file entry-v6.txt (compact mmCIF, C-alpha atoms)
# COMPACT_ATOMS: atom_id res chain seq x y z
CA MET N 250 28.14 24.36 -20.81
CA SER N 251 26.32 21.02 -20.92
CA GLU N 252 25.33 19.58 -24.27
CA TYR N 253 21.98 18.57 -22.74
CA ARG N 254 19.06 20.77 -21.76
CA TYR N 255 18.69 19.07 -18.38
CA ASP N 256 20.96 17.14 -16.07
CA LEU N 257 18.01 14.92 -15.10
CA PHE N 258 14.62 14.37 -16.71
CA VAL N 259 12.09 12.47 -14.57
CA ILE N 260 9.14 10.66 -16.14
CA GLY N 261 6.40 10.37 -13.53
CA ALA N 262 5.56 12.76 -10.68
CA GLY N 263 4.63 10.21 -8.05
CA SER N 264 6.29 9.93 -4.65
CA GLY N 265 9.62 8.55 -5.88
CA GLY N 266 9.89 10.76 -8.94
CA VAL N 267 9.10 13.96 -7.06
CA ARG N 268 11.55 13.12 -4.29
CA ALA N 269 14.33 12.36 -6.79
CA ALA N 270 13.62 15.56 -8.73
CA ARG N 271 13.51 17.80 -5.66
CA MET N 272 16.61 16.33 -4.07
CA SER N 273 18.57 16.46 -7.33
CA SER N 274 17.61 20.08 -7.93
CA GLY N 275 18.52 20.95 -4.36
CA LEU N 276 21.96 19.47 -5.00
CA GLY N 277 22.50 21.79 -7.96
CA ALA N 278 21.18 19.76 -10.88
CA HIS N 279 19.00 21.24 -13.62
CA VAL N 280 15.86 19.08 -13.45
CA ALA N 281 12.53 18.68 -15.21
CA ILE N 282 9.68 16.30 -14.40
CA ALA N 283 6.82 15.24 -16.67
CA GLU N 284 3.42 13.92 -15.56
CA ASP N 285 0.35 13.22 -17.69
CA ARG N 286 -2.12 12.39 -14.92
CA TYR N 287 -1.79 14.00 -11.50
CA LEU N 288 0.95 15.26 -9.21
CA GLY N 289 1.64 12.92 -6.31
CA GLY N 290 1.00 9.72 -8.24
CA THR N 291 -1.06 6.79 -7.00
CA CYS N 292 -0.43 7.38 -3.30
CA VAL N 293 -1.85 10.89 -3.16
CA ASN N 294 -4.63 10.51 -5.71
CA VAL N 295 -5.94 6.94 -5.80
CA GLY N 296 -3.95 5.14 -3.13
CA CYS N 297 -2.65 5.64 0.39
CA VAL N 298 -4.13 9.05 1.17
CA PRO N 299 -7.75 8.74 0.00
CA LYS N 300 -7.83 5.12 1.15
CA LYS N 301 -6.86 6.12 4.70
CA LEU N 302 -9.52 8.84 4.66
CA PHE N 303 -12.08 6.22 3.61
CA VAL N 304 -10.87 3.89 6.37
CA TYR N 305 -11.43 6.64 8.94
CA ALA N 306 -14.90 7.30 7.55
CA SER N 307 -15.91 3.64 7.55
CA HIS N 308 -14.65 2.93 11.06
CA LEU N 309 -16.75 5.73 12.57
CA SER N 310 -19.84 3.53 12.44
CA GLU N 311 -18.23 1.20 14.99
CA GLU N 312 -17.02 4.14 17.08
CA ILE N 313 -20.56 5.48 17.25
CA GLU N 314 -21.93 2.10 18.27
CA ASN N 315 -19.22 1.53 20.89
CA ALA N 316 -19.82 4.99 22.38
CA ARG N 317 -23.06 3.75 23.94
CA GLY N 318 -21.13 1.75 26.50
CA PHE N 319 -19.44 4.95 27.65
CA GLY N 320 -22.75 6.71 28.23
CA TRP N 321 -23.15 8.50 24.90
CA SER N 322 -26.58 8.51 23.28
CA ILE N 323 -25.92 9.78 19.80
CA GLY N 324 -29.34 9.10 18.28
CA ASN N 325 -29.87 8.45 14.60
CA SER N 326 -26.72 8.72 12.52
CA ASN N 327 -26.68 9.00 8.75
CA PHE N 328 -23.83 8.68 6.30
CA ASP N 329 -23.66 10.74 3.11
CA TRP N 330 -21.31 9.33 0.47
CA SER N 331 -21.34 12.49 -1.64
CA THR N 332 -20.04 14.56 1.28
CA LEU N 333 -17.14 12.17 1.78
CA ILE N 334 -16.27 12.24 -1.93
CA LYS N 335 -16.49 16.04 -2.10
CA ASN N 336 -14.28 16.56 0.96
CA LYS N 337 -11.82 13.89 -0.18
CA ASN N 338 -11.50 15.58 -3.57
CA THR N 339 -10.88 18.94 -1.89
CA GLU N 340 -8.08 17.47 0.22
CA ILE N 341 -6.46 15.72 -2.76
CA LYS N 342 -6.58 18.94 -4.77
CA ARG N 343 -4.85 20.69 -1.88
CA LEU N 344 -2.12 18.04 -1.83
CA ASN N 345 -1.67 18.32 -5.61
CA GLY N 346 -0.98 22.01 -5.03
CA VAL N 347 1.48 21.20 -2.25
CA TYR N 348 3.43 18.92 -4.61
CA LYS N 349 3.50 21.62 -7.31
CA LYS N 350 4.73 24.18 -4.80
CA LEU N 351 7.45 21.83 -3.52
CA LEU N 352 8.73 21.31 -7.06
CA ASP N 353 8.58 25.02 -7.89
CA ASN N 354 10.35 26.01 -4.68
CA THR N 355 13.29 23.72 -5.46
CA GLY N 356 13.60 24.91 -9.05
CA VAL N 357 12.22 21.82 -10.79
CA GLU N 358 10.42 22.54 -14.06
CA THR N 359 7.08 20.72 -14.18
CA ILE N 360 5.85 19.67 -17.61
CA HIS N 361 2.26 18.46 -18.04
CA GLY N 362 2.10 15.75 -20.66
CA ARG N 363 3.13 12.20 -21.45
CA ALA N 364 6.86 11.73 -21.87
CA THR N 365 8.27 8.96 -24.02
CA ILE N 366 11.87 7.97 -24.57
CA VAL N 367 13.32 8.72 -28.01
CA ASP N 368 16.91 7.68 -27.38
CA GLU N 369 19.25 7.28 -24.42
CA HIS N 370 19.42 11.05 -23.85
CA THR N 371 16.16 12.31 -25.37
CA VAL N 372 12.50 12.31 -24.40
CA GLU N 373 9.49 13.63 -26.25
CA VAL N 374 6.57 15.45 -24.62
CA GLU N 375 3.61 16.68 -26.68
CA GLY N 376 5.69 16.62 -29.85
CA GLN N 377 8.66 18.46 -28.33
CA GLN N 378 11.98 16.67 -28.01
CA ILE N 379 14.00 17.39 -24.87
CA THR N 380 17.53 16.25 -24.08
CA ALA N 381 18.89 15.19 -20.70
CA GLU N 382 22.14 13.72 -19.48
CA ARG N 383 20.16 11.23 -17.41
CA ILE N 384 16.58 10.01 -17.59
CA LEU N 385 14.67 8.56 -14.62
CA VAL N 386 11.56 6.44 -15.11
CA ALA N 387 9.26 6.56 -12.09
CA THR N 388 5.87 5.78 -13.60
CA GLY N 389 4.64 3.43 -10.86
CA GLY N 390 1.99 0.75 -11.27
CA TRP N 391 -1.63 0.43 -12.41
CA PRO N 392 -4.45 -1.94 -11.40
CA SER N 393 -4.50 -5.20 -13.34
CA ILE N 394 -7.84 -6.82 -14.23
CA PRO N 395 -7.96 -10.29 -15.80
CA GLU N 396 -9.58 -10.97 -19.16
CA ILE N 397 -12.95 -12.51 -18.37
CA HIS N 398 -16.39 -12.30 -19.97
CA GLY N 399 -18.03 -9.15 -18.60
CA LYS N 400 -14.77 -7.36 -17.80
CA GLU N 401 -16.37 -4.07 -18.83
CA HIS N 402 -18.57 -4.20 -15.71
CA ILE N 403 -15.60 -4.39 -13.32
CA ILE N 404 -14.15 -1.47 -11.37
CA SER N 405 -10.70 -1.25 -9.79
CA SER N 406 -9.64 0.62 -6.68
CA ASN N 407 -9.09 3.68 -8.90
CA GLU N 408 -12.79 3.96 -9.76
CA ALA N 409 -13.86 3.09 -6.21
CA PHE N 410 -12.68 6.52 -5.09
CA PHE N 411 -15.08 8.26 -7.48
CA LEU N 412 -18.31 6.26 -7.41
CA GLU N 413 -21.37 8.47 -7.83
CA SER N 414 -23.23 6.47 -5.21
CA LEU N 415 -22.65 3.59 -2.83
CA PRO N 416 -23.98 0.22 -4.00
CA GLU N 417 -26.20 -1.80 -1.68
CA LYS N 418 -24.03 -4.87 -2.36
CA ILE N 419 -20.47 -5.25 -3.58
CA ILE N 420 -18.25 -8.18 -4.49
CA ILE N 421 -14.52 -7.63 -4.07
CA VAL N 422 -12.15 -10.05 -5.78
CA GLY N 423 -8.59 -10.41 -4.54
CA GLY N 424 -6.44 -11.53 -1.65
CA GLY N 425 -3.96 -8.70 -1.21
CA TYR N 426 -3.97 -5.72 1.11
CA ILE N 427 -6.08 -3.56 -1.24
CA ALA N 428 -8.84 -6.17 -1.31
CA VAL N 429 -9.07 -6.61 2.47
CA GLU N 430 -8.84 -2.85 3.07
CA PHE N 431 -11.71 -2.07 0.70
CA ALA N 432 -13.77 -4.92 2.12
CA GLY N 433 -13.52 -3.20 5.49
CA ILE N 434 -14.23 0.21 3.97
CA PHE N 435 -17.39 -0.75 2.12
CA HIS N 436 -18.71 -2.91 4.97
CA GLY N 437 -18.13 -0.09 7.45
CA LEU N 438 -20.10 2.28 5.23
CA GLY N 439 -23.09 -0.06 5.31
CA VAL N 440 -22.58 -2.01 2.08
CA ASP N 441 -23.34 -5.75 1.99
CA THR N 442 -19.80 -6.96 1.23
CA THR N 443 -18.49 -10.26 -0.11
CA LEU N 444 -14.77 -10.92 -0.54
CA LEU N 445 -13.70 -13.63 -2.97
CA TYR N 446 -10.19 -15.05 -3.16
CA ARG N 447 -9.01 -17.92 -5.32
CA GLY N 448 -6.56 -19.18 -2.67
CA PRO N 449 -7.13 -20.84 0.71
CA LEU N 450 -6.23 -17.73 2.77
CA PHE N 451 -5.60 -14.10 1.86
CA LEU N 452 -2.55 -11.86 2.44
CA ARG N 453 0.02 -14.35 1.17
CA GLY N 454 3.46 -13.38 2.48
CA PHE N 455 2.19 -12.16 5.86
CA ASP N 456 2.51 -14.21 9.03
CA GLU N 457 -0.07 -17.01 8.99
CA ASP N 458 -1.32 -16.37 12.53
CA ILE N 459 -2.09 -12.77 11.57
CA ARG N 460 -3.81 -13.85 8.34
CA ARG N 461 -6.08 -16.28 10.16
CA ALA N 462 -6.83 -13.82 12.95
CA LEU N 463 -7.85 -11.12 10.46
CA ALA N 464 -10.11 -13.54 8.57
CA ASP N 465 -11.86 -14.39 11.84
CA GLU N 466 -12.33 -10.74 12.82
CA MET N 467 -13.63 -9.70 9.40
CA GLN N 468 -16.18 -12.51 9.40
CA LYS N 469 -17.29 -11.63 12.94
CA LYS N 470 -18.03 -8.11 11.68
CA GLY N 471 -20.30 -9.52 9.00
CA ILE N 472 -18.08 -9.50 5.90
CA LYS N 473 -18.73 -12.59 3.81
CA ILE N 474 -15.47 -14.26 2.78
CA LYS N 475 -15.30 -17.03 0.21
CA PHE N 476 -11.87 -18.60 -0.14
CA ASN N 477 -10.98 -20.98 -2.98
CA SER N 478 -13.47 -19.06 -5.13
CA ASN N 479 -13.18 -17.17 -8.39
CA ILE N 480 -15.48 -15.56 -10.95
CA SER N 481 -15.76 -17.13 -14.40
CA GLU N 482 -18.06 -14.50 -15.97
CA ILE N 483 -20.10 -11.39 -15.20
CA GLU N 484 -23.40 -10.30 -16.73
CA LYS N 485 -25.77 -7.38 -16.18
CA ASN N 486 -29.48 -8.15 -15.84
CA ASN N 487 -32.47 -6.01 -16.77
CA ASP N 488 -32.48 -4.41 -13.30
CA GLU N 489 -28.91 -3.15 -13.86
CA GLN N 490 -27.66 -5.61 -11.26
CA LEU N 491 -24.44 -7.53 -11.91
CA ILE N 492 -24.56 -11.31 -11.80
CA ALA N 493 -21.25 -13.05 -11.10
CA THR N 494 -21.03 -16.72 -11.97
CA LEU N 495 -18.35 -18.50 -9.97
CA GLU N 496 -16.20 -21.31 -11.30
CA ASP N 497 -18.19 -23.79 -9.21
CA GLY N 498 -21.45 -22.59 -10.78
CA GLU N 499 -22.70 -20.48 -7.85
CA ARG N 500 -24.22 -17.13 -8.87
CA LEU N 501 -23.94 -13.95 -6.81
CA ASP N 502 -25.57 -10.58 -7.47
CA ALA N 503 -24.16 -7.15 -6.64
CA GLY N 504 -24.41 -3.49 -7.55
CA GLN N 505 -20.64 -3.29 -8.05
CA ILE N 506 -17.85 -5.78 -8.60
CA MET N 507 -14.37 -4.57 -7.74
CA TYR N 508 -11.17 -6.40 -8.63
CA ALA N 509 -8.04 -5.92 -6.52
CA THR N 510 -6.00 -8.67 -8.13
CA GLY N 511 -2.65 -7.00 -8.43
CA ARG N 512 -0.93 -4.07 -10.09
CA THR N 513 1.15 -3.95 -13.24
CA PRO N 514 4.25 -1.74 -13.73
CA VAL N 515 3.50 1.13 -16.11
CA THR N 516 6.02 0.38 -18.85
CA ASN N 517 3.85 0.32 -21.97
CA ASN N 518 3.98 3.19 -24.46
CA LEU N 519 7.05 4.76 -22.86
CA GLY N 520 9.38 4.10 -25.77
CA LEU N 521 11.48 1.68 -23.73
CA GLU N 522 11.77 -0.62 -26.72
CA LYS N 523 13.50 2.13 -28.71
CA VAL N 524 16.55 1.84 -26.46
CA SER N 525 16.09 -1.87 -25.70
CA ILE N 526 15.43 -1.44 -21.97
CA VAL N 527 15.31 -4.90 -20.39
CA LEU N 528 12.07 -5.84 -18.62
CA ASP N 529 11.38 -8.84 -16.40
CA LYS N 530 8.57 -11.38 -16.82
CA ASP N 531 6.11 -9.00 -15.15
CA ASN N 532 7.04 -6.12 -17.50
CA ALA N 533 8.88 -4.34 -14.70
CA ILE N 534 12.09 -2.48 -15.50
CA LYS N 535 15.18 -4.41 -14.44
CA VAL N 536 17.76 -2.30 -12.60
CA ASN N 537 21.02 -2.89 -10.77
CA ASP N 538 21.86 -1.89 -7.19
CA GLN N 539 22.28 1.73 -8.35
CA TYR N 540 18.77 1.77 -9.97
CA GLN N 541 20.45 1.84 -13.37
CA THR N 542 18.93 0.01 -16.32
CA ASN N 543 20.94 -1.79 -18.99
CA VAL N 544 21.17 1.64 -20.68
CA PRO N 545 23.67 3.54 -18.47
CA SER N 546 21.98 6.95 -18.78
CA ILE N 547 18.49 5.65 -17.89
CA TYR N 548 17.40 4.81 -14.34
CA ALA N 549 14.20 3.55 -12.69
CA ILE N 550 12.84 3.56 -9.13
CA GLY N 551 9.66 2.68 -7.27
CA ASP N 552 6.79 0.43 -8.30
CA VAL N 553 7.80 0.41 -11.97
CA THR N 554 10.69 -1.85 -10.88
CA ASN N 555 8.27 -4.11 -8.94
CA ARG N 556 10.61 -4.82 -6.03
CA VAL N 557 9.28 -3.39 -2.75
CA ASN N 558 6.10 -1.57 -3.77
CA LEU N 559 5.66 0.85 -0.89
CA THR N 560 5.54 4.65 -1.01
CA PRO N 561 8.23 5.15 1.67
CA VAL N 562 10.52 2.79 -0.25
CA ALA N 563 10.08 4.81 -3.45
CA LEU N 564 10.85 7.96 -1.46
CA ALA N 565 14.01 6.38 -0.03
CA GLU N 566 15.12 5.20 -3.47
CA GLY N 567 14.58 8.66 -4.94
CA MET N 568 16.65 10.26 -2.20
CA VAL N 569 19.49 7.75 -2.45
CA LEU N 570 19.63 8.05 -6.24
CA ALA N 571 19.71 11.86 -6.16
CA LYS N 572 22.53 11.86 -3.62
CA ARG N 573 24.45 9.27 -5.61
CA LEU N 574 24.14 11.16 -8.91
CA PHE N 575 24.58 14.72 -7.70
CA GLY N 576 25.74 14.65 -4.07
CA ASN N 577 28.79 12.38 -4.18
CA GLU N 578 27.18 9.99 -1.67
CA ASP N 579 27.23 6.26 -2.27
CA LYS N 580 24.70 4.91 0.21
CA ASP N 581 22.18 2.14 -0.37
CA VAL N 582 18.59 1.73 0.71
CA ASP N 583 18.35 -0.86 3.48
CA TYR N 584 15.50 -3.17 2.53
CA GLU N 585 15.75 -5.22 5.74
CA ASN N 586 13.10 -4.86 8.44
CA ILE N 587 10.79 -2.48 6.58
CA PRO N 588 7.73 -1.83 8.77
CA THR N 589 4.43 -2.06 6.94
CA CYS N 590 0.75 -1.77 7.72
CA VAL N 591 -2.49 -3.05 6.25
CA PHE N 592 -5.38 -0.69 7.00
CA SER N 593 -7.81 -3.54 7.34
CA GLN N 594 -10.33 -3.47 10.16
CA PRO N 595 -8.73 -4.21 12.54
CA ASN N 596 -5.34 -2.97 11.30
CA ILE N 597 -2.28 -5.12 10.72
CA GLY N 598 1.20 -3.87 11.57
CA THR N 599 4.27 -5.95 10.88
CA VAL N 600 8.06 -5.73 10.74
CA GLY N 601 10.73 -8.37 10.24
CA LEU N 602 10.33 -12.05 9.46
CA THR N 603 7.18 -14.14 9.51
CA GLU N 604 7.25 -17.33 11.53
CA GLU N 605 7.61 -19.31 8.33
CA GLU N 606 10.59 -17.23 7.17
CA ALA N 607 12.21 -17.38 10.59
CA ARG N 608 12.01 -21.17 10.68
CA GLU N 609 13.81 -21.33 7.35
CA LYS N 610 16.54 -18.93 8.44
CA TYR N 611 17.23 -19.98 12.03
CA ASP N 612 17.82 -23.35 13.66
CA ASP N 613 15.68 -22.61 16.71
CA ILE N 614 13.16 -19.87 17.35
CA GLU N 615 10.89 -18.89 20.23
CA LEU N 616 7.38 -17.52 19.76
CA TYR N 617 5.55 -15.17 22.09
CA LYS N 618 1.84 -14.61 21.48
CA SER N 619 -0.91 -12.67 23.16
CA SER N 620 -4.60 -12.28 22.33
CA PHE N 621 -6.86 -9.99 24.32
CA ARG N 622 -9.83 -7.66 24.16
CA PRO N 623 -8.59 -4.06 23.91
CA MET N 624 -9.48 -1.83 26.86
CA LYS N 625 -11.20 0.60 24.50
CA LEU N 626 -13.80 -2.08 23.78
CA SER N 627 -14.26 -3.28 27.35
CA LEU N 628 -17.46 -1.24 27.85
CA SER N 629 -18.91 -2.16 24.47
CA ASP N 630 -20.59 -5.24 23.03
CA SER N 631 -17.72 -5.79 20.62
CA ASP N 632 -15.77 -9.01 21.00
CA GLU N 633 -12.96 -7.92 18.66
CA LYS N 634 -9.59 -9.28 19.76
CA THR N 635 -6.12 -7.78 19.43
CA PHE N 636 -3.38 -10.26 18.57
CA MET N 637 0.37 -9.75 19.04
CA LYS N 638 3.32 -11.95 18.21
CA LEU N 639 7.07 -11.79 18.76
CA ILE N 640 9.53 -14.08 16.97
CA VAL N 641 12.95 -14.53 18.58
CA ASP N 642 16.10 -16.27 17.37
CA LYS N 643 16.92 -18.37 20.40
CA ALA N 644 20.68 -18.49 19.80
CA SER N 645 21.22 -14.72 19.63
CA ASP N 646 18.10 -13.58 21.54
CA LEU N 647 17.42 -11.15 18.67
CA VAL N 648 13.81 -10.23 18.01
CA VAL N 649 13.52 -11.00 14.30
CA GLY N 650 9.80 -10.49 13.70
CA VAL N 651 6.95 -8.53 15.29
CA HIS N 652 3.33 -8.75 14.17
CA MET N 653 0.14 -7.14 15.42
CA LEU N 654 -3.55 -7.17 14.59
CA GLY N 655 -5.55 -4.50 16.35
CA PRO N 656 -6.40 -0.79 16.62
CA ASP N 657 -3.51 1.56 15.72
CA ALA N 658 -1.25 -1.36 14.78
CA GLY N 659 0.59 0.78 12.25
CA GLU N 660 1.28 3.54 14.77
CA ILE N 661 2.67 0.99 17.25
CA ILE N 662 4.75 -1.03 14.80
CA GLN N 663 6.49 2.09 13.47
CA GLY N 664 8.25 2.44 16.83
CA ILE N 665 8.90 -1.29 17.05
CA GLY N 666 10.55 -1.05 13.63
CA ILE N 667 13.19 1.25 15.08
CA ALA N 668 13.93 -1.31 17.78
CA LEU N 669 14.46 -4.07 15.21
CA LYS N 670 16.67 -1.81 13.09
CA ALA N 671 18.75 -1.17 16.18
CA GLY N 672 19.13 -4.91 16.82
CA ALA N 673 16.99 -5.18 19.94
CA THR N 674 17.04 -8.49 21.78
CA LYS N 675 14.22 -10.06 23.74
CA LYS N 676 16.13 -9.08 26.85
CA VAL N 677 15.93 -5.43 25.74
CA PHE N 678 12.19 -5.76 25.17
CA ASP N 679 11.79 -7.34 28.63
CA SER N 680 13.80 -4.60 30.33
CA THR N 681 11.73 -1.82 28.74
CA ILE N 682 9.05 -0.39 31.01
CA GLY N 683 5.65 -0.34 29.39
CA ILE N 684 3.19 2.55 29.23
CA HIS N 685 0.11 1.56 31.22
CA PRO N 686 -2.65 1.10 30.30
CA THR N 687 -1.94 0.66 26.59
CA ALA N 688 -2.08 -2.21 24.14
CA ALA N 689 1.52 -1.49 23.15
CA GLU N 690 2.83 -2.42 26.60
CA GLU N 691 1.99 -6.05 25.82
CA PHE N 692 5.06 -6.17 23.58
CA VAL N 693 7.32 -5.64 26.60
CA THR N 694 5.42 -7.87 29.04
CA MET N 695 5.23 -11.17 27.13
CA ARG N 696 7.53 -13.33 29.24
CA ASP N 697 6.68 -16.95 28.43
CA PRO N 698 7.20 -18.47 24.99
CA VAL N 699 4.37 -20.56 23.61
CA LYS N 700 4.81 -24.30 23.91
CA GLU N 701 4.78 -26.03 20.55
call {"tool": "encode", "arguments": {"input": "entry-v6.txt", "output": "structure tokens"}}
result
Amino acid sequence: MSEYRYDLFVIGAGSGGVRAARMSSGLGAHVAIAEDRYLGGTCVNVGCVPKKLFVYASHLSEEIENARGFGWSIGNSNFDWSTLIKNKNTEIKRLNGVYKKLLDNTGVETIHGRATIVDEHTVEVEGQQITAERILVATGGWPSIPEIHGKEHIISSNEAFFLESLPEKIIIVGGGYIAVEFAGIFHGLGVDTTLLYRGPLFLRGFDEDIRRALADEMQKKGIKIKFNSNISEIEKNNDEQLIATLEDGERLDAGQIMYATGRTPVTNNLGLEKVSIVLDKDNAIKVNDQYQTNVPSIYAIGDVTNRVNLTPVALAEGMVLAKRLFGNEDKDVDYENIPTCVFSQPNIGTVGLTEEEAREKYDDIELYKSSFRPMKLSLSDSDEKTFMKLIVDKASDLVVGVHMLGPDAGEIIQGIGIALKAGATKKVFDSTIGIHPTAAEEFVTMRDPVKE
């Protein structure tokens, strides 16, 4: 009989933690999981899922407008924010129940409360101490807002999902995917939207052609973008309007100011210092290739390690760890060629290297680019352009990067990601017959590299 109550105790019931708990229990381990907020973590509650629902809602205004070119006269259309919030909350509650059922069905004990580490084999929840042979920290990340005068008037993406009413005007601060996604969401729902970013161009780390193309498309839609700009202070006037003073002295007013300036690993108040868990400069938990901290019995996965902060990556890490600990499998997560999507409007889909990365890695590359008006918009007044780009290592003919800006980019790039994982060459792309008429067929019909 084990000297510990559980074989594995998981702190945090987000995507990675739930996957690790379920898989471990299914492999015969005695598992408990503790969560003090909501089952499903950020992704289900204040991240991927509600955000995608909001993206759908906001894009319908363009769909309605574009329908006129196809003969539809829809008449007056009205949007009701409260209906969207109510229906979103109902769906999230359903998903919370699904997560609880998944845990129950695999024999995982769910404990509601904040767990903190007491020692290398003990956690405490609501005053009760519980022992476990191994402890897994999967507490994810949380929005980070800088210390500025008027910080109390700022909302993050968390609060954006629960606003009582839509503001007439909003300022969004940030240059990452959350900022550009919410700029598209609020603009599509009829809000006068301004996006501020302190750098010269948003989405640092993405291919520069894609970044510039998205900036152009967002501005064409009417979103105001101010690069090289930042807020120095925020005040509220007598009309309950927020006044943002920029570092250059310009003043902007808005009903809401949202910051999407990064996320911080949730490592505070977990008791990590009691066992001297090593953190990096960003307060993320440092782990080795087996997701093990400097304390051998304590592990960490997902956003709390601040490596590849994507839900599918946390899921993969949870599965690999469970199989390693309880299934006698010693496989690693492959972090190469991870497809990703930004649900901006239009969407970005990308997999593999950017042009900048490819130039650093390879002696000679070829670029294939295409920009065109999607067929779906051909009968509308929209001049939105789809942009596609292939990056090829000339010596091996391997396709090493694929990038797309346009409708359904994420759906298309998921399949392209499989091709890159399989080591597809440009010759393979060229020999693949396209599906006509689709935007996706452009990826297999680009024959001539761009001349530099």
call {"tool": "atom_distance", "arguments": {"input": "entry-v6.txt", "atom1": "atom CA of Leu288 of chain N", "atom2": "atom CA of Gly346 of chain N"}}
result
8.2 Å
call {"tool": "closest_atom_pairs", "arguments": {"input": "entry-v6.txt", "of": "segment 252-310 of chain N", "to": "segment 364-379 of chain N", "cutoff": "8 Å", "atoms": "all atoms listed in the file", "output": "JSON lines"}}
result
{"residue": "N:Arg254", "atom": "CA", "partner": "N:Ile379", "partner_atom": "CA", "distance": 6.8}
{"residue": "N:Ile260", "atom": "CA", "partner": "N:Ala364", "partner_atom": "CA", "distance": 6.3}
{"residue": "N:Ala283", "atom": "CA", "partner": "N:Ala364", "partner_atom": "CA", "distance": 6.3}
{"residue": "N:Glu284", "atom": "CA", "partner": "N:Ala364", "partner_atom": "CA", "distance": 7.5}
{"residue": "N:Asp285", "atom": "CA", "partner": "N:Ala364", "partner_atom": "CA", "distance": 7.9}
call {"tool": "atom_distance", "arguments": {"input": "entry-v6.txt", "atom1": "atom CA of Phe451 of chain N", "atom2": "atom CA of Gly425 of chain N"}}
result
6.4 Å
call {"tool": "residues_near_point", "arguments": {"input": "entry-v6.txt", "point": "(-15.2, -10.4, -5.8)", "cutoff": "9 Å", "atoms": "all atoms listed in the file", "output": "PyMOL selection string"}}
result
chain N and resi 419-423+428+443-446+475+478-480+493+506-509
call {"tool": "residues_around", "arguments": {"input": "entry-v6.txt", "residues": "Lys300 of chain N", "least_positions_apart": "3", "cutoff": "12 Å", "atoms": "only C-alpha atoms", "output": "short mmCIF file (atom, residue, chain, number, x, y, z; two decimals) with C-alpha atoms, in the coordinates of the input"}}
result
data_model
loop_
_atom_site.label_atom_id
_atom_site.label_comp_id
_atom_site.auth_asym_id
_atom_site.auth_seq_id
_atom_site.Cartn_x
_atom_site.Cartn_y
_atom_site.Cartn_z
CA THR N 291 -1.06 6.79 -7.00
CA CYS N 292 -0.43 7.38 -3.30
CA VAL N 293 -1.85 10.89 -3.16
CA ASN N 294 -4.63 10.51 -5.71
CA VAL N 295 -5.94 6.94 -5.80
CA GLY N 296 -3.95 5.14 -3.13
CA CYS N 297 -2.65 5.64 0.39
CA PHE N 303 -12.08 6.22 3.61
CA VAL N 304 -10.87 3.89 6.37
CA TYR N 305 -11.43 6.64 8.94
CA ALA N 306 -14.90 7.30 7.55
CA SER N 307 -15.91 3.64 7.55
CA LEU N 333 -17.14 12.17 1.78
CA ILE N 334 -16.27 12.24 -1.93
CA LYS N 337 -11.82 13.89 -0.18
CA ILE N 341 -6.46 15.72 -2.76
CA SER N 406 -9.64 0.62 -6.68
CA ASN N 407 -9.09 3.68 -8.90
CA ALA N 409 -13.86 3.09 -6.21
CA PHE N 410 -12.68 6.52 -5.09
CA PHE N 411 -15.08 8.26 -7.48
CA TYR N 426 -3.97 -5.72 1.11
CA ILE N 427 -6.08 -3.56 -1.24
CA ALA N 428 -8.84 -6.17 -1.31
CA VAL N 429 -9.07 -6.61 2.47
CA GLU N 430 -8.84 -2.85 3.07
CA PHE N 431 -11.71 -2.07 0.70
CA ALA N 432 -13.77 -4.92 2.12
CA GLY N 433 -13.52 -3.20 5.49
CA ILE N 434 -14.23 0.21 3.97
CA PHE N 435 -17.39 -0.75 2.12
CA VAL N 591 -2.49 -3.05 6.25
CA PHE N 592 -5.38 -0.69 7.00
CA SER N 593 -7.81 -3.54 7.34
#
call {"tool": "closest_residue", "arguments": {"input": "entry-v6.txt", "among": "N:Ser331, N:Thr516, N:Ser619, N:Asn537", "to": "Val553 of chain N", "atoms": "all atoms listed in the file"}}
result
N:Thr516
call {"tool": "axis_aligned_box", "arguments": {"input": "entry-v6.txt", "around": "segment 410-413 of chain N", "padding_each_side": "3 Å", "output": "AutoDock Vina command-line options"}}
result
--center_x -17.0 --center_y 7.4 --center_z -6.5 --size_x 14.7 --size_y 8.2 --size_z 8.7
call {"tool": "atom_distance", "arguments": {"input": "entry-v6.txt", "atom1": "atom CA of Asp613 of chain N", "atom2": "atom CA of Ser645 of chain N"}}
result
10.1 Å
call {"tool": "closest_residue", "arguments": {"input": "entry-v6.txt", "among": "N:Gln505, N:Ser414, N:Thr359, N:Gln539", "to": "Val582 of chain N", "atoms": "all atoms listed in the file"}}
result
N:Gln539
call {"tool": "closest_residue", "arguments": {"input": "entry-v6.txt", "among": "N:Gly424, N:Ala387, N:Asp679, N:Leu452", "to": "Phe258 of chain N", "atoms": "all atoms listed in the file"}}
result
N:Ala387
call {"tool": "residues_around", "arguments": {"input": "entry-v6.txt", "residues": "Met467 of chain N", "least_positions_apart": "2", "cutoff": "9 Å", "atoms": "all atoms listed in the file", "output": "count of residues only"}}
result
16
call {"tool": "residues_around", "arguments": {"input": "entry-v6.txt", "residues": "Tyr253 of chain N", "least_positions_apart": "6", "cutoff": "6 Å", "atoms": "all atoms listed in the file", "output": "NGL selection string"}}
result
:N and (380-382)
call {"tool": "write_last_selection", "arguments": {"input": "entry-v6.txt", "atoms": "C-alpha atoms", "output": "compact mmCIF listing (two decimals), in the coordinates of the input"}}
result
# COMPACT_ATOMS: atom_id res chain seq x y z
CA THR N 380 17.53 16.25 -24.08
CA ALA N 381 18.89 15.19 -20.70
CA GLU N 382 22.14 13.72 -19.48
call {"tool": "closest_residue", "arguments": {"input": "entry-v6.txt", "among": "N:Gly504, N:Gly448, N:Gly439, N:Gly511", "to": "Ser326 of chain N", "atoms": "all atoms listed in the file"}}
result
N:Gly439
